[in-house]
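Engineer: So that we are looking at the same thing, I have put the structure below in structure tokens.
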Number of protein chains: 2
Amino acid sequence: MGALRLPSLTSIFAVSSARRSLFPRRSKQLYVRKLTSSAKVFAKTTPATEVATAESNQKSSVQEQGITPRSQDFNAWYLDVISAAELADYGPVRGTMVIRPYGYAIWEAIQDYLNIKFKETGHSNMYFPQFIPYSFIEKEASHVEGFSPELALVTVGGGKELEEKLVVRPTSETIVNHMFTQWIQSYRDLPLMINQWANVTRWEMRTKPFIRTLEFLWQEGHTAHATPEEAEREAMQMIDVYTKFSYEQAAIPVIPGRKSRVETFAGADKTYTIEAMMGDRKALQAGTSHNLGQNFSRAFGTQVSFYFNPYFFRIRYLIKNQNYFLYIKTLSMQFADENGQREHVWQTSWAVSTRFVGGIIMTHGDDAGLMLPPRLASIQVVIVPIWKKANEKDEVLDAALSIKDVLHVAGIKVKLDDSDQKTPGWKFNFWEMKGVPIRIEIGPRDVSSRSVVISRRDIPGKPGKVFGISMESSVLVPYIKEKLDEIQSSLLDKATAFRDSNIVDVSSYDELKEAISQGKWARGPWIG
Amino acid sequence: MGALRLPSLTSIFAVSSARRSLFPRRSKQLYVRKLTSSAKVFAKTTPATEVATAESNQKSSVQEQGITPRSQDFNAWYLDVISAAELADYGPVRGTMVIRPYGYAIWEAIQDYLNIKFKETGHSNMYFPQFIPYSFIEKEASHVEGFSPELALVTVGGGKELEEKLVVRPTSETIVNHMFTQWIQSYRDLPLMINQWANVTRWEMRTKPFIRTLEFLWQEGHTAHATPEEAEREAMQMIDVYTKFSYEQAAIPVIPGRKSRVETFAGADKTYTIEAMMGDRKALQAGTSHNLGQNFSRAFGTQVSFYFNPYFFRIRYLIKNQNYFLYIKTLSMQFADENGQREHVWQTSWAVSTRFVGGIIMTHGDDAGLMLPPRLASIQVVIVPIWKKANEKDEVLDAALSIKDVLHVAGIKVKLDDSDQKTPGWKFNFWEMKGVPIRIEIGPRDVSSRSVVISRRDIPGKPGKVFGISMESSVLVPYIKEKLDEIQSSLLDKATAFRDSNIVDVSSYDELKEAISQGKWARGPWIG
């Protein structure tokens, strides 16, 4: 907790200033099916053209090219993987992103898990409007300071200039408090614990797919409590939920901690964060949970009634080895519906966004492309049938289909790539690049021996390949499930080892400088 | 299909012109826990104040009032139910809506069902940015004509005036086609079938919660096909999915049909619709599916290559009782990757929105409030424990808790209302108003006899009450499941009978006028 950490979080969001081509021709891999030229628009740092349309005549020129190896240029690799694995594409408006089905499926897996956890911990989903009166944003002083440079404003509605311009939500604390004020009168309305899945808009100048985009998807939890202790417990509970998710589902060994004053959320008393080390050793803020104190409830007047109740108790103490007692009168706070003073509620908010998808890519990927943790993969197993002669095709496809059915019934997410447009070799590369955890190969000889070949995405080449696994469901299903579990923990182990080998304990400023210059994280004692 | 239908769809969206108080005091029911005064803002037809804040000092004055009986004033009843059942509240910006947890849970149930059906029929979820360059909207002539009066425009981003103003999506056909153009080159990229769950904005002047709001939630499916036949099949398939959902889940006997030219979606060749009859006999458009033809693909240049292949065949025919054959050469269209002509793709789009929640309220509700079909209810069974003396409380609560566990384990959505703030009578009314299908009552005498009392929401009073149902799980669970099924079909039957008794066959203009003047739907032969 509270680990001293450099480099600053913001440095990773910047697009490299050298305006390199996003799709260099140097790599020879042939599995990239299609890249769109509009991708180039994204990295432009000049906002000269707000809207760029695709130069469709360049389309074919970027086809059939490979991705940049990760070891060669991390940033180029990242953008290439997103494009080649069809995770996302660039929207027509600068800095916006289209999340394609294969990328959206990762977000859906994140949603499925978190949604259950949020409900288990007592939160209900709901939905707030995205248009916020500009005056709301100004009510909380540090909030407006933090967000006003990034706002998108609606000034025209239904053909008319609006009397008050509307903010497209960058986050919802203000409108949430406006509503909470109407819903919370009595302490019996507390705790109020809600969550929404929504899009938010922040007018960033430097953008990067998933990591920082003008519009992104997230969940934002908002809660109101009677006491500061309860709010603090809630803020901690939710950063715990995020931490567990990161370790157990995403196989990302995040470090939970508290942000320094300077990096605390605009409007919060405390911001807890989970920080993940990416493959280039930069930090990614993967989730945050804020203890908002009474900052927003004061700004919006969200209050409950209470009164002080006299409360008597005794303490025992010693004077000169004699026991004495003291009978003490104190005041304890009680909540009331009507009479009594009004107390502002104590609040939290917490969020995880589509940025997490970027974190998954940058944590586990390698030179060959994406590597998905099995628990978040929309395709956990791909079956590649192999045949040469036409008379082999039917029996191989029949066997492949029945394996697919067996795995599907067992709850394993499986895809059979039975197209005859591409060679098996092309398919191997393609599905590796897409990060599918396990590949099953099946050819005519496997059919005769009633067995298959299994390859692990996380162990490249021969060592990751096992021959002669029986295709009987009683053997195959448990084998695949076991391998998926192994891959899941192996990804976490690898990421943890990488992280730990890149954190240096420092005890002086010189040591800190040395660690930073090596691109590592530095750990030292925290002094307020 | 294609039934002649009046009154016009638009008439139901208008707020009654008499500016009545939304929360009249005449009703004596006491189960309304809390109403917020900001609700009043919603019904204002003058756009004088774009942003209205809650008059918090009026809050207590609207508490503990009842809902207007449905039979007395349908529109007032509708607004009261939404407020009293805590389905939604009014956002700070005119015409916007906050969907509260109990209302959002209905939307989640709709999503859960449709999401599975969409995937089963081959669609993938994804996400498009909500900001659309203004120039896109202008590309399809009838589209811009239909939507331009309703647009919200972002003109300022990050503190600067934008070079091109951005439309906050009213629907996504334009940006979808912009992207499809980049993803579709070959016929092998077809069909492309996607869906997104998103918020959309339409600057309506007259709004009504769920039915028509400035911002609403929906799903929008978008597909591209190689042939017009395939697009037509898809448009029909999706209206079928919606129809099945309406009947089987929402218990709403919608009438599927095709819209007249005038009411066809701006940019579509054909619009299929499902129309539902509300409790006031007005029609609600509950879902639409559009065959877009090539309108958008022409506007955006979304094309695939094809060539004509000579194709030979024989026909047999008779001349003077002699068999002859004719060998014929024709051209059949084939798709190609490279050479050949380019053909614009054929498209569909289809949507269901949070308006459906309004349809559920207005179809099934009665004087006592909401009535939810069991398959969409987030609480299917509420348990109300009853005790008078303190020594009864423990045994009653113990029994209630164990019944709750038994039902929960059996997959029934159950809530135990064990608060001691309210009387059992108050709770009965409250949960009836919330539309919970089944209530279980349990008192000290029930505990001794190991039985419970069960009340059906859809059969008011004594006739809906059954005494002495054993609390043994082997009896209780199947009994409750059977009753839930009965309620589900009974709601559909009732709505169907109501609908059919309010449709009149007409064969002349006078008969049509007569039917309309009685507030009924008129059915007659369709003449293009």
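So you can find residues: chains in the structure tokens are A, B, ... in the order shown, residues in each start at 1, and ligands are numbered from 1 in order.
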Over all C-alpha pairs taken in order, what is the RMSD once chain B has been least-squares superposed onto chain A?
Structural biologist: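 Once chain B is fitted onto chain A, the C-alpha RMSD works out to 0.4 Å.
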Engineer: Using only C-alpha atoms, select each residue of chain A with any atom at most 7 Å away from an atom of chain B, and give the selection as number ranges by chain.
Structural biologist: A: 36, 50-51, 91, 93, 96-101, 104, 124-129, 133, 149-159, 163-164, 182, 203, 215
Engineer: DSSP on the backbone, strand (DSSP E) only: what residues of region 202-267 of chain A does that give? Format it as a PDB file with C-alpha atoms, in the first residue's frame.
Structural biologist:
ATOM      1  CA  GLU A 215     -15.547   8.216 -25.250  1.00  0.00           C
ATOM      2  CA  PHE A 216     -15.204   5.010 -23.284  1.00  0.00           C
ATOM      3  CA  LEU A 217     -17.370   2.452 -21.543  1.00  0.00           C
ATOM      4  CA  TRP A 218     -17.221   1.836 -17.832  1.00  0.00           C
ATOM      5  CA  GLN A 219     -19.140   1.025 -14.726  1.00  0.00           C
ATOM      6  CA  GLU A 220     -19.388   3.648 -12.049  1.00  0.00           C
ATOM      7  CA  GLY A 221     -20.527   2.734  -8.557  1.00  0.00           C
ATOM      8  CA  HIS A 222     -21.909   5.424  -6.272  1.00  0.00           C
ATOM      9  CA  THR A 223     -22.782   4.963  -2.614  1.00  0.00           C
ATOM     10  CA  ALA A 224     -23.987   7.077   0.307  1.00  0.00           C
ATOM     11  CA  HIS A 225     -23.482   6.112   3.939  1.00  0.00           C
ATOM     12  CA  ILE A 255      -0.705  -3.565  -6.765  1.00  0.00           C
ATOM     13  CA  PRO A 256      -3.453  -1.921  -4.739  1.00  0.00           C
ATOM     14  CA  GLY A 257      -2.505   1.335  -3.089  1.00  0.00           C
ATOM     15  CA  ARG A 258      -3.571   4.831  -2.283  1.00  0.00           C
TER      16      ARG A 258
END
Engineer: Please, what distance in Å, to one decimal, runs between CA of Ala400 (chain B) and CA of Leu484 (chain B)?
Structural biologist: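 These two atoms are separated by 19.4 Å.
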Engineer: At a cut-off of 6 Å, using only C-alpha atoms, what residues contact region 470-479 of chain B? Leave out same-chain residues fewer than 2 positions from it and give the result as a list in words.
Structural biologist: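 After dropping sequence-adjacent residues, the list is Arg450, Ser451, Lys481 and Glu482 of chain B.
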Engineer: Keeping only all heavy atoms, take the residues you just selected and write them out as a tab-separated table (two decimals), in the first residue's frame.
Structural biologist:
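Heads up, here's the output in again.tsv:
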chain	number	residue	atom	x	y	z
B	450	ARG	N	-47.71	-25.28	9.92
B	450	ARG	CA	-46.70	-25.49	8.87
B	450	ARG	C	-47.27	-25.19	7.48
B	450	ARG	O	-47.01	-25.92	6.52
B	450	ARG	CB	-46.16	-26.93	8.89
B	450	ARG	CG	-45.50	-27.36	10.20
B	450	ARG	CD	-44.06	-26.93	10.34
B	450	ARG	NE	-43.19	-27.42	9.27
B	450	ARG	CZ	-42.12	-26.75	8.84
B	450	ARG	NH1	-41.81	-25.57	9.35
B	450	ARG	NH2	-41.37	-27.24	7.88
B	451	SER	N	-48.01	-24.10	7.39
B	451	SER	CA	-48.59	-23.74	6.10
B	451	SER	C	-48.50	-22.22	5.90
B	451	SER	O	-48.13	-21.49	6.83
B	451	SER	CB	-50.04	-24.20	6.02
B	451	SER	OG	-50.83	-23.41	6.89
B	481	LYS	N	-44.25	-22.35	-8.52
B	481	LYS	CA	-43.85	-22.34	-9.94
B	481	LYS	C	-45.07	-22.43	-10.85
B	481	LYS	O	-45.15	-21.76	-11.88
B	481	LYS	CB	-42.86	-23.47	-10.23
B	481	LYS	CG	-41.47	-23.19	-9.67
B	481	LYS	CD	-40.43	-24.19	-10.14
B	481	LYS	CE	-39.03	-23.71	-9.76
B	481	LYS	NZ	-38.00	-24.72	-9.96
B	482	GLU	N	-46.00	-23.28	-10.45
B	482	GLU	CA	-47.22	-23.45	-11.24
B	482	GLU	C	-48.03	-22.15	-11.25
B	482	GLU	O	-48.53	-21.72	-12.30
B	482	GLU	CB	-48.05	-24.58	-10.63
B	482	GLU	CG	-49.14	-25.10	-11.53
B	482	GLU	CD	-50.06	-26.04	-10.74
B	482	GLU	OE1	-49.57	-26.88	-9.97
B	482	GLU	OE2	-51.30	-25.88	-10.90
Engineer: When you look at Asp240 (chain B) with a cut-off of 12 Å (counting only C-alpha atoms), what residues show up, excluding the ones that are within fewer than 3 positions of it in the same chain? I need them as a ChimeraX atom specification.
Structural biologist: /B:114,117-118,121,233-237,243-248,254-257,272-274,287-289,350
Engineer: Restrict the selected residues to N, CA, C and O atoms and save them as a tab-separated table (two decimals), in the first residue's frame.
Structural biologist:
chain	number	residue	atom	x	y	z
B	114	LEU	N	-33.20	-11.03	-24.72
B	114	LEU	CA	-32.91	-10.68	-26.11
B	114	LEU	C	-31.45	-10.95	-26.47
B	114	LEU	O	-31.14	-11.39	-27.58
B	117	LYS	N	-31.08	-14.40	-27.54
B	117	LYS	CA	-31.70	-14.64	-28.84
B	117	LYS	C	-30.87	-14.02	-29.97
B	117	LYS	O	-30.75	-14.61	-31.05
B	118	PHE	N	-30.33	-12.85	-29.74
B	118	PHE	CA	-29.51	-12.21	-30.78
B	118	PHE	C	-28.30	-13.07	-31.10
B	118	PHE	O	-27.92	-13.24	-32.26
B	121	THR	N	-29.13	-16.17	-33.03
B	121	THR	CA	-29.42	-15.93	-34.44
B	121	THR	C	-28.20	-15.33	-35.16
B	121	THR	O	-28.34	-14.74	-36.23
B	233	ARG	N	-35.28	-11.52	-45.27
B	233	ARG	CA	-35.44	-12.62	-44.29
B	233	ARG	C	-34.98	-12.19	-42.91
B	233	ARG	O	-35.61	-12.50	-41.91
B	234	GLU	N	-33.85	-11.47	-42.87
B	234	GLU	CA	-33.32	-11.01	-41.59
B	234	GLU	C	-34.28	-10.02	-40.91
B	234	GLU	O	-34.55	-10.14	-39.71
B	235	ALA	N	-34.80	-9.07	-41.67
B	235	ALA	CA	-35.73	-8.09	-41.08
B	235	ALA	C	-36.94	-8.80	-40.50
B	235	ALA	O	-37.41	-8.47	-39.41
B	236	MET	N	-37.44	-9.81	-41.24
B	236	MET	CA	-38.59	-10.57	-40.76
B	236	MET	C	-38.22	-11.42	-39.54
B	236	MET	O	-38.98	-11.53	-38.58
B	237	GLN	N	-37.03	-12.02	-39.58
B	237	GLN	CA	-36.60	-12.86	-38.46
B	237	GLN	C	-36.57	-12.05	-37.16
B	237	GLN	O	-37.00	-12.52	-36.11
B	243	THR	N	-41.58	-10.36	-31.53
B	243	THR	CA	-42.96	-10.79	-31.30
B	243	THR	C	-43.00	-11.90	-30.26
B	243	THR	O	-43.79	-11.87	-29.32
B	244	LYS	N	-42.10	-12.89	-30.44
B	244	LYS	CA	-42.03	-13.99	-29.47
B	244	LYS	C	-41.74	-13.47	-28.07
B	244	LYS	O	-42.33	-13.89	-27.09
B	245	PHE	N	-40.77	-12.55	-28.00
B	245	PHE	CA	-40.44	-11.97	-26.70
B	245	PHE	C	-41.68	-11.33	-26.07
B	245	PHE	O	-41.96	-11.53	-24.88
B	246	SER	N	-42.41	-10.56	-26.87
B	246	SER	CA	-43.57	-9.84	-26.34
B	246	SER	C	-44.60	-10.82	-25.79
B	246	SER	O	-45.11	-10.64	-24.68
B	247	TYR	N	-44.92	-11.84	-26.56
B	247	TYR	CA	-45.92	-12.80	-26.13
B	247	TYR	C	-45.43	-13.62	-24.94
B	247	TYR	O	-46.12	-13.74	-23.93
B	248	GLU	N	-44.23	-14.19	-25.07
B	248	GLU	CA	-43.80	-15.21	-24.11
B	248	GLU	C	-43.22	-14.63	-22.82
B	248	GLU	O	-43.33	-15.24	-21.76
B	254	VAL	N	-48.73	-8.40	-29.02
B	254	VAL	CA	-48.48	-7.39	-30.04
B	254	VAL	C	-49.00	-7.85	-31.40
B	254	VAL	O	-49.14	-9.05	-31.64
B	255	ILE	N	-49.27	-6.88	-32.26
B	255	ILE	CA	-49.65	-7.20	-33.63
B	255	ILE	C	-48.49	-6.80	-34.53
B	255	ILE	O	-48.15	-5.63	-34.61
B	256	PRO	N	-47.86	-7.80	-35.17
B	256	PRO	CA	-46.78	-7.45	-36.10
B	256	PRO	C	-47.37	-6.98	-37.42
B	256	PRO	O	-48.39	-7.51	-37.87
B	257	GLY	N	-46.75	-6.01	-38.02
B	257	GLY	CA	-47.25	-5.52	-39.31
B	257	GLY	C	-46.22	-4.64	-39.97
B	257	GLY	O	-45.11	-4.47	-39.45
B	272	TYR	N	-40.99	-2.92	-40.46
B	272	TYR	CA	-41.90	-3.81	-39.75
B	272	TYR	C	-41.98	-3.34	-38.30
B	272	TYR	O	-41.01	-2.83	-37.75
B	273	THR	N	-43.14	-3.50	-37.73
B	273	THR	CA	-43.35	-3.01	-36.37
B	273	THR	C	-44.15	-4.02	-35.58
B	273	THR	O	-44.86	-4.84	-36.16
B	274	ILE	N	-44.00	-3.99	-34.28
B	274	ILE	CA	-44.96	-4.69	-33.42
B	274	ILE	C	-45.70	-3.61	-32.64
B	274	ILE	O	-45.10	-2.75	-32.01
B	287	GLY	N	-41.44	-2.21	-30.94
B	287	GLY	CA	-40.19	-2.63	-31.55
B	287	GLY	C	-40.31	-2.48	-33.05
B	287	GLY	O	-41.42	-2.55	-33.60
B	288	THR	N	-39.20	-2.23	-33.72
B	288	THR	CA	-39.24	-2.10	-35.18
B	288	THR	C	-38.07	-2.83	-35.81
B	288	THR	O	-37.02	-3.00	-35.18
B	289	SER	N	-38.27	-3.25	-37.04
B	289	SER	CA	-37.22	-3.90	-37.82
B	289	SER	C	-37.30	-3.34	-39.23
B	289	SER	O	-38.36	-3.39	-39.85
B	350	TRP	N	-32.69	-2.91	-36.58
B	350	TRP	CA	-33.85	-3.27	-35.75
B	350	TRP	C	-33.55	-2.90	-34.32
B	350	TRP	O	-32.42	-2.94	-33.86
Engineer: Given the choices A:Ile116, A:Ile480, A:Ala268, A:Gly435, which gets closest to Val406 (chain A) if the distance is worked out from only C-alpha atoms?
Structural biologist: A:Ile480
Engineer: So that I can check the surroundings of Asp485 (chain B), please list as a ChimeraX atom specification every protein, DNA and RNA residue that reaches within 9 Å of it, counting only C-alpha atoms and ignoring chain neighbours fewer than 5 positions away.
Structural biologist: /B:374-375,480,490
Engineer: For Lys259 (chain B), list every protein, DNA or RNA residue within 8 Å, evaluated using only C-alpha atoms, and leave out those in the same chain fewer than 4 positions away; present the list as a list in words.
Structural biologist: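 The contact residues come out as Gly2, Glu263, Thr264, Lys270, Thr271, Tyr272 and Thr273 of chain B.
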Engineer: Could those selected residues go to a file with N, CA and C atoms, as a PDB file, in the first residue's frame?
Structural biologist:
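The new file again.pdb reads:
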ATOM      1  N   GLY B   2     -50.083  -5.582 -41.990  1.00  0.00           N
ATOM      2  CA  GLY B   2     -50.548  -4.439 -42.760  1.00  0.00           C
ATOM      3  C   GLY B   2     -51.963  -4.018 -42.436  1.00  0.00           C
ATOM      4  N   GLU B 263     -45.002   6.392 -42.419  1.00  0.00           N
ATOM      5  CA  GLU B 263     -44.446   6.104 -41.096  1.00  0.00           C
ATOM      6  C   GLU B 263     -43.211   5.202 -41.156  1.00  0.00           C
ATOM      7  N   THR B 264     -42.731   4.911 -42.343  1.00  0.00           N
ATOM      8  CA  THR B 264     -41.528   4.097 -42.477  1.00  0.00           C
ATOM      9  C   THR B 264     -40.322   4.886 -41.967  1.00  0.00           C
ATOM     10  N   LYS B 270     -38.588  -0.619 -46.033  1.00  0.00           N
ATOM     11  CA  LYS B 270     -39.758  -1.160 -45.344  1.00  0.00           C
ATOM     12  C   LYS B 270     -39.492  -1.121 -43.847  1.00  0.00           C
ATOM     13  N   THR B 271     -40.515  -0.817 -43.095  1.00  0.00           N
ATOM     14  CA  THR B 271     -40.407  -0.892 -41.644  1.00  0.00           C
ATOM     15  C   THR B 271     -41.459  -1.855 -41.119  1.00  0.00           C
ATOM     16  N   TYR B 272     -40.993  -2.917 -40.459  1.00  0.00           N
ATOM     17  CA  TYR B 272     -41.898  -3.808 -39.748  1.00  0.00           C
ATOM     18  C   TYR B 272     -41.983  -3.338 -38.302  1.00  0.00           C
ATOM     19  N   THR B 273     -43.144  -3.504 -37.727  1.00  0.00           N
ATOM     20  CA  THR B 273     -43.352  -3.005 -36.374  1.00  0.00           C
ATOM     21  C   THR B 273     -44.150  -4.017 -35.581  1.00  0.00           C
TER      22      THR B 273
END
Engineer: Measuring atom to atom with only C-alpha atoms, identify which of A:Val384, A:Glu343, A:Ser489, A:Gly524 is nearest to Tyr187 (chain A).
Structural biologist: A:Glu343
Engineer: Using DSSP on the backbone, list every residue of region 289-414 of chain B that comes out as helix (DSSP H, G or I), and give them as JSON, numbers by chain.
Structural biologist: {"B": [295, 296, 297, 298, 299, 300, 355, 356, 357, 358, 359, 360, 361, 362, 363, 364, 374, 375, 376, 390, 391, 392, 393, 394, 395, 396, 397, 398, 399, 400, 401, 402, 403, 404, 405, 406, 407, 408, 409]}
Engineer: Which residues are close to region 282-285 of chain B, i.e. within 7 Å by only C-alpha atoms, leaving aside same-chain residues fewer than 2 positions away? Reply as an MDAnalysis selection string.
Structural biologist: chainID B and resid 9 12 273:278 280 287 359
Engineer: Which residue, B:Val262, B:Ala351, B:Ile319, B:Ile110, has the smallest gap to Ser172 (chain B) when you use only C-alpha atoms?
Structural biologist: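 Going through B:Val262, B:Ala351, B:Ile319, B:Ile110 one by one, the smallest distance to Ser172 (chain B) is for B:Ala351.
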